[in-house]
Each structure stands twice: as C-alpha cells, then as structure tokens.
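The structure file data_24.tsv is reproduced below (TSV, C-alpha atoms and all ligand atoms).
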```
chain	number	residue	atom	x	y	z
A	1	MET	CA	126.52	-27.17	49.38
A	2	PRO	CA	122.98	-28.41	48.68
A	3	LEU	CA	122.34	-31.23	46.24
A	4	LEU	CA	121.88	-29.92	42.71
A	5	LEU	CA	118.76	-31.36	41.07
A	6	ASP	CA	120.25	-31.69	37.62
A	7	GLY	CA	117.51	-31.64	34.98
A	8	ASN	CA	119.92	-32.04	32.07
A	9	ARG	CA	121.26	-35.32	33.48
A	10	VAL	CA	117.76	-36.68	34.19
A	11	ARG	CA	116.63	-35.66	30.69
A	12	ASP	CA	119.58	-37.54	29.16
A	13	ASP	CA	118.81	-40.63	31.28
A	14	ILE	CA	115.14	-40.54	30.23
A	15	LYS	CA	116.10	-40.17	26.58
A	16	SER	CA	118.49	-43.14	26.84
A	17	GLU	CA	115.70	-45.24	28.37
A	18	LEU	CA	113.31	-44.27	25.58
A	19	LYS	CA	115.61	-45.25	22.71
A	20	PRO	CA	115.10	-49.05	22.98
A	21	ARG	CA	111.34	-48.53	23.36
A	22	VAL	CA	111.31	-46.44	20.17
A	23	ALA	CA	113.43	-49.08	18.42
A	24	ALA	CA	111.05	-51.85	19.52
A	25	LEU	CA	108.04	-49.95	18.15
A	26	THR	CA	109.85	-49.18	14.91
A	27	GLY	CA	110.76	-52.88	14.60
A	28	LYS	CA	107.08	-53.79	15.00
A	29	GLY	CA	106.00	-51.59	12.11
A	30	ARG	CA	106.52	-47.88	12.56
A	31	PRO	CA	108.07	-45.32	14.93
A	32	PRO	CA	105.93	-43.34	17.38
A	33	GLY	CA	104.48	-40.23	15.73
A	34	LEU	CA	103.98	-36.76	17.19
A	35	ALA	CA	102.17	-33.89	15.47
A	36	VAL	CA	102.77	-30.38	16.77
A	37	VAL	CA	100.36	-27.64	15.74
A	38	LEU	CA	101.91	-24.17	15.86
A	39	VAL	CA	99.53	-21.35	14.96
A	40	GLY	CA	100.98	-18.02	13.82
A	41	ASN	CA	104.41	-16.52	14.41
A	42	ASN	CA	104.92	-16.33	18.18
A	43	PRO	CA	108.76	-16.44	18.39
A	44	ALA	CA	108.85	-18.07	21.87
A	45	SER	CA	106.39	-20.78	20.74
A	46	ALA	CA	108.44	-21.34	17.58
A	47	ILE	CA	111.55	-22.02	19.72
A	48	TYR	CA	109.64	-24.48	21.96
A	49	VAL	CA	108.29	-26.31	18.92
A	50	ARG	CA	111.72	-26.44	17.26
A	51	ASN	CA	113.18	-28.01	20.42
A	52	LYS	CA	110.37	-30.58	20.56
A	53	ILE	CA	110.86	-31.54	16.91
A	54	LYS	CA	114.63	-31.76	17.39
A	55	THR	CA	114.23	-34.07	20.40
A	56	CYS	CA	111.89	-36.31	18.37
A	57	HIS	CA	114.56	-36.45	15.68
A	58	ASP	CA	117.28	-37.40	18.25
A	59	LEU	CA	115.12	-40.28	19.48
A	60	GLY	CA	113.88	-41.58	16.12
A	61	ILE	CA	110.29	-40.45	16.77
A	62	TYR	CA	108.42	-39.36	13.63
A	63	SER	CA	107.36	-35.73	13.96
A	64	GLU	CA	105.37	-33.33	11.93
A	65	SER	CA	104.73	-29.65	12.51
A	66	ILE	CA	101.57	-28.09	11.17
A	67	THR	CA	101.71	-24.30	10.98
A	68	PRO	CA	98.32	-22.73	10.24
A	69	PRO	CA	98.26	-18.94	9.77
A	70	ASP	CA	97.59	-16.55	12.66
A	71	ALA	CA	94.17	-15.70	11.17
A	72	ILE	CA	92.82	-19.28	11.46
A	73	ASN	CA	89.41	-19.56	13.16
A	74	THR	CA	88.14	-22.13	15.66
A	75	GLU	CA	86.27	-24.25	13.07
A	76	GLU	CA	89.28	-24.46	10.78
A	77	LEU	CA	91.59	-25.44	13.64
A	78	LEU	CA	89.07	-28.03	14.85
A	79	ALA	CA	89.25	-29.55	11.36
A	80	VAL	CA	93.08	-29.71	11.60
A	81	VAL	CA	92.83	-31.57	14.94
A	82	GLU	CA	90.12	-33.91	13.60
A	83	ARG	CA	92.35	-34.91	10.69
A	84	LEU	CA	95.21	-35.66	13.12
A	85	ASN	CA	92.86	-37.62	15.42
A	86	ALA	CA	91.99	-39.85	12.45
A	87	ARG	CA	95.56	-40.57	11.35
A	88	GLU	CA	96.81	-44.01	12.34
A	89	GLU	CA	100.52	-43.08	12.34
A	90	ILE	CA	100.05	-40.10	14.69
A	91	ASP	CA	100.11	-41.17	18.36
A	92	GLY	CA	100.42	-37.76	19.97
A	93	ILE	CA	98.96	-34.33	19.18
A	94	LEU	CA	100.19	-31.17	20.79
A	95	VAL	CA	98.61	-27.80	20.11
A	96	GLN	CA	101.15	-25.20	21.17
A	97	LEU	CA	99.68	-22.52	23.44
A	98	PRO	CA	98.92	-19.65	23.47
A	99	LEU	CA	96.44	-19.60	20.60
A	100	PRO	CA	95.32	-16.34	18.92
A	101	PRO	CA	92.42	-14.59	20.68
A	102	GLN	CA	89.80	-15.43	18.00
A	103	VAL	CA	90.35	-19.17	18.60
A	104	ASP	CA	88.41	-20.89	21.38
A	105	ALA	CA	91.36	-22.68	23.03
A	106	LYS	CA	89.12	-24.74	25.34
A	107	ARG	CA	87.18	-26.20	22.38
A	108	ILE	CA	90.42	-27.03	20.60
A	109	LEU	CA	91.92	-28.82	23.62
A	110	LEU	CA	88.64	-30.71	24.14
A	111	SER	CA	88.68	-31.87	20.51
A	112	ILE	CA	91.99	-33.73	20.85
A	113	ASP	CA	91.47	-37.49	21.20
A	114	PRO	CA	92.33	-38.10	24.90
A	115	GLU	CA	94.43	-41.11	23.79
A	116	LYS	CA	96.58	-38.72	21.76
A	117	ASP	CA	96.63	-35.89	24.32
A	118	VAL	CA	100.36	-36.06	25.10
A	119	ASP	CA	100.21	-32.75	27.03
A	120	GLY	CA	97.79	-34.33	29.52
A	121	PHE	CA	95.54	-31.24	29.45
A	122	HIS	CA	92.29	-32.87	28.25
A	123	PRO	CA	89.68	-32.94	31.07
A	124	PHE	CA	89.41	-36.72	30.54
A	125	ASN	CA	93.10	-37.09	31.41
A	126	VAL	CA	92.88	-34.54	34.23
A	127	GLY	CA	90.10	-36.70	35.68
A	128	ALA	CA	92.30	-39.79	35.29
A	129	LEU	CA	95.08	-37.98	37.17
A	130	VAL	CA	92.75	-37.13	40.05
A	131	ALA	CA	91.43	-40.70	40.13
A	132	GLY	CA	94.96	-42.13	39.98
A	133	LEU	CA	94.24	-43.98	36.71
A	134	PRO	CA	96.89	-44.48	34.03
A	135	ALA	CA	96.78	-41.72	31.39
A	136	PRO	CA	99.18	-39.11	29.99
A	137	ARG	CA	100.29	-36.79	32.78
A	138	ALA	CA	100.99	-33.07	32.29
A	139	CYS	CA	104.66	-32.92	31.28
A	140	THR	CA	106.15	-30.29	33.59
A	141	PRO	CA	104.54	-31.71	36.77
A	142	ALA	CA	105.58	-35.24	35.75
A	143	GLY	CA	109.10	-33.87	35.24
A	144	ILE	CA	109.12	-32.46	38.79
A	145	ILE	CA	108.38	-35.92	40.21
A	146	GLU	CA	111.10	-37.53	38.04
A	147	LEU	CA	113.60	-34.89	39.16
A	148	LEU	CA	112.90	-35.57	42.84
A	149	LYS	CA	112.78	-39.36	42.60
A	150	ARG	CA	115.87	-39.72	40.45
A	151	HIS	CA	117.86	-37.69	42.98
A	152	GLY	CA	116.69	-39.87	45.84
A	153	ILE	CA	114.47	-37.21	47.45
A	154	ALA	CA	111.85	-38.99	49.57
A	155	ILE	CA	108.31	-37.70	48.96
A	156	ALA	CA	106.13	-40.04	51.05
A	157	GLY	CA	105.29	-38.58	54.43
A	158	LYS	CA	106.83	-35.18	53.63
A	159	ARG	CA	105.17	-31.77	53.78
A	160	ALA	CA	104.98	-30.38	50.22
A	161	VAL	CA	103.97	-26.80	49.42
A	162	VAL	CA	103.18	-25.86	45.82
A	163	VAL	CA	103.04	-22.13	45.10
A	164	GLY	CA	100.85	-21.63	42.01
A	165	ARG	CA	97.51	-23.22	41.11
A	166	SER	CA	97.50	-23.20	37.31
A	167	ASP	CA	95.92	-26.08	35.40
A	168	ILE	CA	99.20	-26.83	33.63
A	169	VAL	CA	101.66	-26.77	36.54
A	170	GLY	CA	100.47	-26.04	40.09
A	171	LYS	CA	97.32	-28.19	40.32
A	172	PRO	CA	98.68	-31.31	38.56
A	173	ALA	CA	102.00	-31.03	40.44
A	174	ALA	CA	100.10	-30.97	43.74
A	175	MET	CA	98.02	-33.99	42.70
A	176	LEU	CA	101.11	-35.99	41.68
A	177	LEU	CA	102.80	-35.17	45.00
A	178	LEU	CA	99.64	-36.29	46.80
A	179	HIS	CA	99.69	-39.60	44.89
A	180	GLU	CA	103.30	-39.98	46.09
A	181	HIS	CA	101.93	-39.67	49.66
A	182	ALA	CA	103.14	-36.16	50.49
A	183	THR	CA	100.93	-33.92	52.63
A	184	VAL	CA	100.26	-31.15	50.15
A	185	THR	CA	99.34	-27.48	50.48
A	186	ILE	CA	98.56	-25.39	47.39
A	187	CYS	CA	99.20	-21.64	47.64
A	188	HIS	CA	98.30	-18.75	45.37
A	189	SER	CA	98.13	-14.97	45.25
A	190	LYS	CA	95.47	-14.81	47.99
A	191	THR	CA	97.31	-17.03	50.50
A	192	PRO	CA	97.94	-15.11	53.73
A	193	ASP	CA	101.46	-15.17	55.17
A	194	LEU	CA	102.94	-17.09	52.28
A	195	PRO	CA	106.49	-17.12	53.76
A	196	ALA	CA	105.24	-18.93	56.90
A	197	VAL	CA	103.38	-21.55	54.83
A	198	CYS	CA	106.41	-22.09	52.58
A	199	ARG	CA	108.70	-22.47	55.60
A	200	GLU	CA	106.71	-25.59	56.57
A	201	ALA	CA	107.70	-27.30	53.33
A	202	ASP	CA	110.13	-30.20	53.16
A	203	ILE	CA	109.48	-29.98	49.41
A	204	LEU	CA	108.79	-26.51	48.02
A	205	VAL	CA	107.61	-26.18	44.42
A	206	ALA	CA	107.57	-22.66	42.97
A	207	ALA	CA	105.37	-22.23	39.88
A	208	ILE	CA	104.52	-18.55	40.05
A	209	GLY	CA	106.12	-16.57	37.24
A	210	ARG	CA	107.69	-13.88	39.49
A	211	ALA	CA	111.44	-13.45	39.20
A	212	ALA	CA	113.32	-14.56	42.35
A	213	MET	CA	110.24	-13.90	44.51
A	214	LEU	CA	110.94	-16.68	47.02
A	215	THR	CA	113.82	-15.51	49.19
A	216	ALA	CA	115.47	-17.03	52.29
A	217	ASP	CA	112.43	-16.15	54.37
A	218	TYR	CA	110.33	-18.71	52.41
A	219	ILE	CA	112.74	-21.63	52.65
A	220	LYS	CA	112.94	-24.14	55.51
A	221	PRO	CA	116.59	-25.02	56.11
A	222	GLY	CA	117.35	-28.31	54.36
A	223	ALA	CA	114.22	-28.29	52.15
A	224	ALA	CA	114.17	-29.62	48.58
A	225	VAL	CA	113.27	-26.63	46.41
A	226	VAL	CA	111.99	-27.14	42.87
A	227	ASP	CA	111.92	-23.95	40.85
A	228	VAL	CA	109.58	-24.15	37.84
A	229	GLY	CA	109.62	-20.42	37.07
A	230	THR	CA	111.00	-19.22	33.78
A	231	ASN	CA	111.19	-15.45	33.86
A	232	HIS	CA	113.05	-13.32	31.33
A	233	ILE	CA	114.36	-10.21	33.04
A	234	ALA	CA	115.69	-7.13	31.28
A	235	ASP	CA	115.85	-4.72	34.23
A	236	ARG	CA	119.50	-4.03	35.20
A	237	GLU	CA	118.65	-3.13	38.80
A	238	LEU	CA	116.70	-6.37	39.29
A	239	ALA	CA	119.52	-8.34	37.64
A	240	ALA	CA	122.09	-6.69	39.94
A	241	ARG	CA	120.01	-7.76	42.97
A	242	ILE	CA	119.39	-11.31	41.79
A	243	PHE	CA	122.98	-11.87	40.63
A	244	ARG	CA	124.54	-10.01	43.60
A	245	ASN	CA	126.91	-12.91	44.28
A	246	SER	CA	127.61	-13.89	40.70
A	247	PRO	CA	129.71	-11.43	38.69
A	248	GLU	CA	129.72	-13.97	35.82
A	249	ARG	CA	125.92	-14.05	35.51
A	250	LEU	CA	125.71	-10.26	35.83
A	251	ALA	CA	128.36	-9.89	33.12
A	252	ALA	CA	126.37	-12.28	30.90
A	253	PHE	CA	123.24	-10.18	31.58
A	254	ASP	CA	125.11	-7.00	30.61
A	255	LYS	CA	126.31	-8.59	27.40
A	256	LYS	CA	122.89	-9.91	26.37
A	257	GLY	CA	120.62	-7.30	27.97
A	258	SER	CA	118.43	-10.03	29.47
A	259	ALA	CA	118.60	-13.22	31.53
A	260	LEU	CA	116.46	-16.23	32.43
A	261	VAL	CA	115.74	-16.60	36.16
A	262	GLY	CA	113.43	-18.74	38.26
A	263	ASP	CA	110.89	-17.87	40.95
A	264	VAL	CA	113.40	-18.61	43.72
A	265	ASP	CA	116.30	-16.37	44.68
A	266	PRO	CA	119.29	-18.31	43.28
A	267	PHE	CA	121.67	-17.46	46.12
A	268	ASP	CA	119.30	-17.70	49.07
A	269	VAL	CA	118.33	-21.20	47.92
A	270	ILE	CA	121.96	-22.32	47.89
A	271	GLU	CA	122.42	-20.90	51.40
A	272	ARG	CA	119.36	-22.62	52.92
A	273	ALA	CA	118.08	-25.58	50.88
A	274	GLY	CA	119.16	-29.21	51.13
A	275	ALA	CA	118.50	-29.70	47.42
A	276	TYR	CA	117.47	-27.32	44.65
A	277	SER	CA	116.79	-27.20	40.94
A	278	PRO	CA	118.55	-24.36	39.12
A	279	VAL	CA	117.12	-22.16	36.39
A	280	PRO	CA	118.15	-22.85	33.73
A	281	GLY	CA	119.00	-26.56	33.88
A	282	GLY	CA	116.44	-27.85	36.41
A	283	VAL	CA	112.81	-28.52	35.55
A	284	GLY	CA	113.01	-26.93	32.07
A	285	PRO	CA	114.77	-29.81	30.24
A	286	LEU	CA	112.30	-32.33	31.68
A	287	THR	CA	109.19	-30.86	30.10
A	288	ILE	CA	110.21	-32.02	26.62
A	289	ALA	CA	111.60	-35.30	27.98
A	290	MET	CA	108.21	-36.11	29.55
A	291	LEU	CA	106.46	-35.16	26.32
A	292	MET	CA	108.60	-37.82	24.63
A	293	VAL	CA	107.69	-40.32	27.38
A	294	ASN	CA	103.99	-39.59	26.82
A	295	THR	CA	104.36	-39.95	23.04
A	296	VAL	CA	106.16	-43.30	23.28
A	297	ALA	CA	103.66	-44.58	25.86
A	298	ALA	CA	100.76	-43.51	23.60
A	299	ALA	CA	102.34	-45.38	20.68
A	300	GLU	CA	102.79	-48.50	22.83
A	301	ARG	CA	99.12	-48.39	23.87
A	302	HIS	CA	98.13	-47.78	20.26
A	303	VAL	CA	100.10	-50.82	19.04
A	304	ALA	CA	98.78	-53.00	21.87
A	305	ALA	CA	95.19	-52.03	20.98
A	306	ARG	CA	95.63	-52.78	17.25
A	307	PRO	CA	93.66	-55.84	16.16
A	308	VAL	CA	95.88	-58.84	15.34
A	309	CYS	CA	95.26	-59.89	11.70
B	401	LIG	P1	100.19	-18.95	35.78
B	401	LIG	O1	100.39	-17.49	35.56
B	401	LIG	O2	99.12	-19.66	35.04
B	401	LIG	O3	99.98	-19.22	37.35
B	401	LIG	C1	100.76	-18.56	38.28
B	401	LIG	C2	100.29	-18.94	39.66
B	401	LIG	O4	101.11	-18.24	40.59
B	401	LIG	C3	98.84	-18.55	39.93
B	401	LIG	O5	98.17	-19.59	40.60
B	401	LIG	C4	98.96	-17.31	40.81
B	401	LIG	O6	97.94	-17.19	41.80
B	401	LIG	C5	100.25	-17.58	41.55
B	401	LIG	N1	100.87	-16.32	41.97
B	401	LIG	C6	101.14	-15.23	41.21
B	401	LIG	N2	101.65	-14.25	41.99
B	401	LIG	C7	101.70	-14.74	43.25
B	401	LIG	C8	102.12	-14.20	44.49
B	401	LIG	N3	102.61	-12.96	44.58
B	401	LIG	N4	102.01	-14.97	45.58
B	401	LIG	C9	101.51	-16.24	45.50
B	401	LIG	N5	101.10	-16.80	44.35
B	401	LIG	C10	101.19	-16.06	43.23
B	401	LIG	O7	101.63	-19.60	35.47
B	401	LIG	P2	102.03	-21.11	35.08
B	401	LIG	O8	101.60	-22.06	36.12
B	401	LIG	O9	101.68	-21.36	33.68
B	401	LIG	O10	103.62	-20.98	35.13
B	401	LIG	C11	104.30	-20.65	36.33
B	401	LIG	C12	105.76	-20.44	36.00
B	401	LIG	O11	106.29	-21.67	35.52
B	401	LIG	C13	106.03	-19.40	34.91
B	401	LIG	O12	107.25	-18.75	35.19
B	401	LIG	C14	106.17	-20.26	33.67
B	401	LIG	O13	106.97	-19.63	32.68
B	401	LIG	C15	106.87	-21.45	34.24
B	401	LIG	N6	106.70	-22.67	33.45
B	401	LIG	C16	107.82	-23.38	33.20
B	401	LIG	C17	107.73	-24.53	32.49
B	401	LIG	C18	108.96	-25.31	32.24
B	401	LIG	O14	109.02	-26.14	31.37
B	401	LIG	N7	110.01	-25.13	33.05
B	401	LIG	C19	106.46	-25.03	31.92
B	401	LIG	C20	105.33	-24.24	32.33
B	401	LIG	C21	105.46	-23.09	33.05
B	401	LIG	P3	96.38	-16.89	41.40
B	401	LIG	O15	95.86	-18.19	40.87
B	401	LIG	O16	95.78	-16.48	42.69
B	401	LIG	O17	96.43	-15.82	40.36
```
As structure tokens, please, write out the structure in this file.
Amino acid sequence: MPLLLDGNRVRDDIKSELKPRVAALTGKGRPPGLAVVLVGNNPASAIYVRNKIKTCHDLGIYSESITPPDAINTEELLAVVERLNAREEIDGILVQLPLPPQVDAKRILLSIDPEKDVDGFHPFNVGALVAGLPAPRACTPAGIIELLKRHGIAIAGKRAVVVGRSDIVGKPAAMLLLHEHATVTICHSKTPDLPAVCREADILVAAIGRAAMLTADYIKPGAAVVDVGTNHIADRELAARIFRNSPERLAAFDKKGSALVGDVDPFDVIERAGAYSPVPGGVGPLTIAMLMVNTVAAAERHVAARPVC
C-alpha cells in the first residue's frame, strides 16, 4: 500500500503549533485578527467562509466576517477594503472569490495592503515568492509543501510535474517546488502527450479541475501524487467508473446524489503511487491551516513593527 498523505493529521499538527504563538500574541496585547469579506450569497463561498471563521475560533484568533450585498460596486468594495487596511487590530484580510461580475476583482485584490494579504495573491507577494523573499505564500500551494515535507517526501533533486498553471495553485506550487530544489515542469491544456510528461514525475501535482482525469497511464510507479482537485460529480455513470472498486463510496454517492472527487483516479493511484493524497482528506484541510499560519505570521510581524512607547 502506498503512503497516505494525511492532510487532516498535518492540519491538526499545524493548529497545535499555532496555539502557543496565538497565546503569546494575546499575552502581548491582543490576538491575531482576520477579516473575511464575503460578497453576496454564493452557497459554496459561504461554507468556505464559515469553516475559516470556525478555525479562527478554535485557535483563539479574532475573526470578523463582512458581508456586503451582491449588488455592491467596485468603489464601494474598495472602501470596505480601505477601512480594513486602516484597522490596527486586523492583521489579515481575505476577500472570498469569486466576486460578482460588476466588481473589478483585480482592483480589489490590488487594494489589499500586501502586509495583510493572507491569501498571498497580491502581485507584491507573488513577486516576493518568485524572488524567494519572505512574504505570505498562497495557502493551497504552501499546504502541498507542508504535506510532502511532514510525510518525509524528499523534494530536492526530484522531478516534479505540476498539471495546472493557475495563479492560485499551479504557478505558485511550481515556484515553491523549485525553491525546494525540485526540477519542475508545468503542464496545461496545450501540453502535448501529457501522460508521458506526467510519467517522468517523482512528484506529481494535479491541479486541473477534471474529475479523476489522471489515470494509471499518467503515474510513474512509486511517485508521490498530490491531488489538489475538488470536483463535485453528480453523474451516476461517472461515479460508477470512478468508484468501481469501492461499493461503499458508490453507495454513499447513490444516497447523496453527488460526491467529491479529485483529479486523480482514486484506485489507479493506490495501485501505482508510492505516496498519495486522498480527496477528501489530503490537500483540502491544509488550505485553511495555511491561512491561519499566514494570519499569525502577519500578526507577529505587525507586533514586531509596532513602535515601542
Ligand atoms: P483553474 O481552472 O484556474 O486552472 C486549471 C488548470 O488546469 C489550467 O491551467 C488548465 O490549463 C489546466 N487544465 C484544464 N484541463 C486540462 C487538461 N485536459 N489537460 C491539462 N491541463 C488542463 O483551476 P484552479 O487552479 O483554481 O483549481 C484546480 C483544481 O484545484 C480545482 O479542482 C479546484 O477546485 C481545486 N482547488 C482546490 C483547493 C483546495 O483547497 N483543495 C484550492 C484551490 C483549488 P489552461 O491554463 O491551458 O486552461
């Protein structure tokens, strides 16, 4: 059996490590503070935000959710961010994406103070990532690195292939792997002979958004496979194919009418990989954990920069 890259365990370890840091900050004056801006009524976004707020609560981090109406315009949302930028007790600001179409999302993300950009999406922080300078790192890619390192997967000197080139997952994940001294290839929808490229990978990261697309043919025997994909499937035929060896998961699908699956075929990966992250329970839990790490680190920098009276 391959090694299971257990995101729930790593998340719990990270949370345990954060608690004394939160306590130390609280003892020095106030807890770290995170503001989450959730525009409108997107149900998936509302669940993500609820989970973020709950994790803050578990850790003793002050959190606040701001919920402007769906009809808000760019100028009004810029004013919301400006007010949060100015507040001393707010260390981190997260604007939950997607934003409604009338809002210029790029302008909003640019308006967040880079010091408070706990998502690591501001171009200033993207530049710091490329330059290898300390700054908040994008949470899901940072979680991938934690997952590998904390399971003893060597990265230096390995061939890493990242499938997906988005600004929030693929590109920053590739850059972090490069900083860890992997030899990195980034693939996308125009990459010829994707299976052959993927089969060169000692570390294969799938960040595509296509249910169970990477089958045995894409996996080098013994590779470490990190599956970032979160795909909700509702098609019974697809579910029957993906869960062909798991009557329990198919029964759960039939009961619910849907299921969450990754970008990697869950049974082929068990047959061929040396280590793999499951969906759910792999990378997913780490995204919020790394958001908490970024928030606490921002608060620590904030306190360190405060003038001594
Ligand atoms: P995007 O849609 O922004 O990017 C998908 C990437 O996959 C693109 O670069 C695209 O290529 C590439 N791609 C699509 N189809 C193919 C194909 N057939 N062959 C090769 N490459 C392909 O997605 P995200 O990066 O935002 O997310 C990727 C997945 O990760 C999604 O399932 C998302 O839900 C999940 N996710 C999970 C998170 C978590 O916490 N676990 C957090 C964030 C995302 P091209 O650029 O050429 O179009």
Just the residues within 12 Å of Val161 (chain A), please, counting all atoms listed in the file, with nothing from its chain fewer than 5 positions along; format it as a VMD selection string. chain A and resid 155 170 to 171 173 to 175 177 to 178 182 to 188 191 194 to 207 218 to 220 223 to 226
All residues having an atom within 9 Å of ligand LIG 401 (chain B) (all atoms listed in the file) as an MDAnalysis selection string: chainID A and resid 139:141 143 163:171 186:191 194 206:211 213 227:232 261:263 279:280 282:288
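The space between CA of Asn85 (chain A) and CA of Asp113 (chain A) spans 5.9 Å.
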Contacts of region 138-217 of chain A with region 268-278 of chain A up to 10 Å, shortest pair per row, all atoms listed in the file, as CSV:
```
residue,atom,partner,partner_atom,distance
A:Ile144,CA,A:Ser277,CA,9.5
A:Leu147,CA,A:Ser277,CA,8.5
A:Leu148,CA,A:Ala275,CA,9.3
A:His151,CA,A:Ala275,CA,9.2
A:Ile153,CA,A:Ala275,CA,8.5
A:Asp202,CA,A:Gly274,CA,9.3
A:Ile203,CA,A:Ala275,CA,9.2
A:Leu204,CA,A:Tyr276,CA,9.3
A:Val205,CA,A:Ser277,CA,9.9
A:Ala212,CA,A:Asp268,CA,9.5
A:Leu214,CA,A:Asp268,CA,8.7
A:Thr215,CA,A:Asp268,CA,5.9
A:Ala216,CA,A:Asp268,CA,5.0
A:Asp217,CA,A:Asp268,CA,8.8
```
Just give me the residues with any atom within 12 Å of (118.7, -39.9, 40.8), file coordinates, counting only C-alpha atoms, written as a VMD selection string. chain A and resid 3 to 14 145 to 154
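As for CA of Val37 (chain A) and CA of Ile112 (chain A), they are spaced 11.5 Å apart.
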So which residues touch Arg21 (chain A) within 12 Å, counting all atoms listed in the file, skipping near sequence neighbours fewer than 2 positions away, as a compact mmCIF listing (two decimals) with C-alpha atoms, in the frame of the given file?
```
# COMPACT_ATOMS: atom_id res chain seq x y z
CA ILE A 14 115.14 -40.54 30.23
CA LYS A 15 116.10 -40.17 26.58
CA SER A 16 118.49 -43.14 26.84
CA GLU A 17 115.70 -45.24 28.37
CA LEU A 18 113.31 -44.27 25.58
CA LYS A 19 115.61 -45.25 22.71
CA ALA A 23 113.43 -49.08 18.42
CA ALA A 24 111.05 -51.85 19.52
CA LEU A 25 108.04 -49.95 18.15
CA THR A 26 109.85 -49.18 14.91
CA GLY A 27 110.76 -52.88 14.60
CA LYS A 28 107.08 -53.79 15.00
CA ARG A 30 106.52 -47.88 12.56
CA PRO A 31 108.07 -45.32 14.93
CA PRO A 32 105.93 -43.34 17.38
CA LEU A 59 115.12 -40.28 19.48
CA GLY A 60 113.88 -41.58 16.12
CA ILE A 61 110.29 -40.45 16.77
CA MET A 292 108.60 -37.82 24.63
CA VAL A 293 107.69 -40.32 27.38
CA THR A 295 104.36 -39.95 23.04
CA VAL A 296 106.16 -43.30 23.28
CA ALA A 297 103.66 -44.58 25.86
CA ALA A 298 100.76 -43.51 23.60
CA ALA A 299 102.34 -45.38 20.68
CA GLU A 300 102.79 -48.50 22.83
```
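Between CA of Leu38 (chain A) and CA of Ser65 (chain A) the separation is 7.0 Å.
Proximity ranking of A:Leu84, A:Ala105, A:Phe243, A:Leu94 relative to Val49 (chain A) places A:Leu94 first, based on only C-alpha atoms.
Proximity to Glu237 (chain A) at 12 Å, evaluated using only C-alpha atoms and with sequence-adjacent residues fewer than 6 positions away removed, yields A:Phe243, A:Arg244, A:Leu250, A:Phe253, A:Asp254, A:Gly257, A:Ser258.
Among A:Gly40, A:Arg87, A:Ala305, A:Leu99, the residue with the shortest atom-to-atom distance to Asp70 (chain A), counting all atoms listed in the file, is A:Gly40.
Distance check against Lys52 (chain A) using all atoms listed in the file: of A:Ile233, A:Pro123, A:Glu64, A:Arg137, the minimum falls on A:Glu64.
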If we count only C-alpha atoms, what is near Glu75 (chain A) at a cut-off of 12 Å, once residues fewer than 2 positions away on the same chain are taken out, given as a list in words? Ala71, Ile72, Asn73, Leu77, Leu78, Ala79, Val80, Val81, Glu82, Gln102, Val103, Asp104, Ala105, Arg107, Ile108 and Ser111 of chain A
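Using only C-alpha atoms, the smallest distance between any of A:Ile90, A:Ile53, A:Ile66, A:Leu129 and Val39 (chain A) comes from A:Ile66.
Of the residues under consideration (A:Ala131, A:Lys116, A:Pro136, A:Val264), A:Ala131 shows the shortest atom-to-atom contact distance to His179 (chain A) when counting only C-alpha atoms.
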Can you pull out every residue within 10 Å of Asn41 (chain A), counting all atoms listed in the file, but drop anything in the same chain fewer than 4 positions away, and send it as an MDAnalysis selection string? chainID A and resid 45:46 67:70
Can you take region 147-195 of chain A from the block and write C-alpha atoms as a PDB file, in the first residue's frame?
```
ATOM      1  CA  LEU A 147       2.041  17.781   3.223  1.00  0.00           C
ATOM      2  CA  LEU A 148       5.107  16.454   1.406  1.00  0.00           C
ATOM      3  CA  LYS A 149       7.690  17.562   3.970  1.00  0.00           C
ATOM      4  CA  ARG A 150       5.772  16.375   7.007  1.00  0.00           C
ATOM      5  CA  HIS A 151       5.477  12.910   5.465  1.00  0.00           C
ATOM      6  CA  GLY A 152       9.201  12.757   4.795  1.00  0.00           C
ATOM      7  CA  ILE A 153       8.910  13.010   0.998  1.00  0.00           C
ATOM      8  CA  ALA A 154      12.219  14.328  -0.351  1.00  0.00           C
ATOM      9  CA  ILE A 155      11.782  17.189  -2.836  1.00  0.00           C
ATOM     10  CA  ALA A 156      15.363  18.315  -3.555  1.00  0.00           C
ATOM     11  CA  GLY A 157      16.746  16.756  -6.711  1.00  0.00           C
ATOM     12  CA  LYS A 158      13.407  15.182  -7.702  1.00  0.00           C
ATOM     13  CA  ARG A 159      11.486  15.639 -10.944  1.00  0.00           C
ATOM     14  CA  ALA A 160       8.209  17.450 -10.149  1.00  0.00           C
ATOM     15  CA  VAL A 161       5.390  17.869 -12.659  1.00  0.00           C
ATOM     16  CA  VAL A 162       2.551  20.284 -11.874  1.00  0.00           C
ATOM     17  CA  VAL A 163      -0.546  19.930 -14.047  1.00  0.00           C
ATOM     18  CA  GLY A 164      -2.373  23.279 -13.999  1.00  0.00           C
ATOM     19  CA  ARG A 165      -0.995  26.818 -14.330  1.00  0.00           C
ATOM     20  CA  SER A 166      -3.496  28.932 -12.401  1.00  0.00           C
ATOM     21  CA  ASP A 167      -2.299  31.927 -10.394  1.00  0.00           C
ATOM     22  CA  ILE A 168      -3.738  30.477  -7.186  1.00  0.00           C
ATOM     23  CA  VAL A 169      -2.488  26.876  -7.358  1.00  0.00           C
ATOM     24  CA  GLY A 170      -0.392  25.685 -10.315  1.00  0.00           C
ATOM     25  CA  LYS A 171       2.084  28.563 -10.741  1.00  0.00           C
ATOM     26  CA  PRO A 172       2.814  29.184  -7.032  1.00  0.00           C
ATOM     27  CA  ALA A 173       3.021  25.419  -6.354  1.00  0.00           C
ATOM     28  CA  ALA A 174       5.607  25.087  -9.125  1.00  0.00           C
ATOM     29  CA  MET A 175       7.602  28.028  -7.743  1.00  0.00           C
ATOM     30  CA  LEU A 176       7.598  26.596  -4.203  1.00  0.00           C
ATOM     31  CA  LEU A 177       8.762  23.203  -5.507  1.00  0.00           C
ATOM     32  CA  LEU A 178      11.519  24.984  -7.428  1.00  0.00           C
ATOM     33  CA  HIS A 179      12.625  26.773  -4.233  1.00  0.00           C
ATOM     34  CA  GLU A 180      12.778  23.317  -2.612  1.00  0.00           C
ATOM     35  CA  HIS A 181      15.234  22.349  -5.396  1.00  0.00           C
ATOM     36  CA  ALA A 182      12.972  20.106  -7.474  1.00  0.00           C
ATOM     37  CA  THR A 183      13.330  20.156 -11.262  1.00  0.00           C
ATOM     38  CA  VAL A 184       9.897  21.426 -12.197  1.00  0.00           C
ATOM     39  CA  THR A 185       7.718  21.121 -15.296  1.00  0.00           C
ATOM     40  CA  ILE A 186       4.398  22.980 -15.523  1.00  0.00           C
ATOM     41  CA  CYS A 187       1.729  21.463 -17.777  1.00  0.00           C
ATOM     42  CA  HIS A 188      -1.601  22.778 -19.023  1.00  0.00           C
ATOM     43  CA  SER A 189      -4.327  22.095 -21.551  1.00  0.00           C
ATOM     44  CA  LYS A 190      -1.988  22.650 -24.523  1.00  0.00           C
ATOM     45  CA  THR A 191       0.779  20.306 -23.321  1.00  0.00           C
ATOM     46  CA  PRO A 192       1.369  17.562 -25.901  1.00  0.00           C
ATOM     47  CA  ASP A 193       1.473  13.961 -24.667  1.00  0.00           C
ATOM     48  CA  LEU A 194       0.580  14.839 -21.096  1.00  0.00           C
ATOM     49  CA  PRO A 195       0.692  11.192 -19.888  1.00  0.00           C
TER      50      PRO A 195
END
```
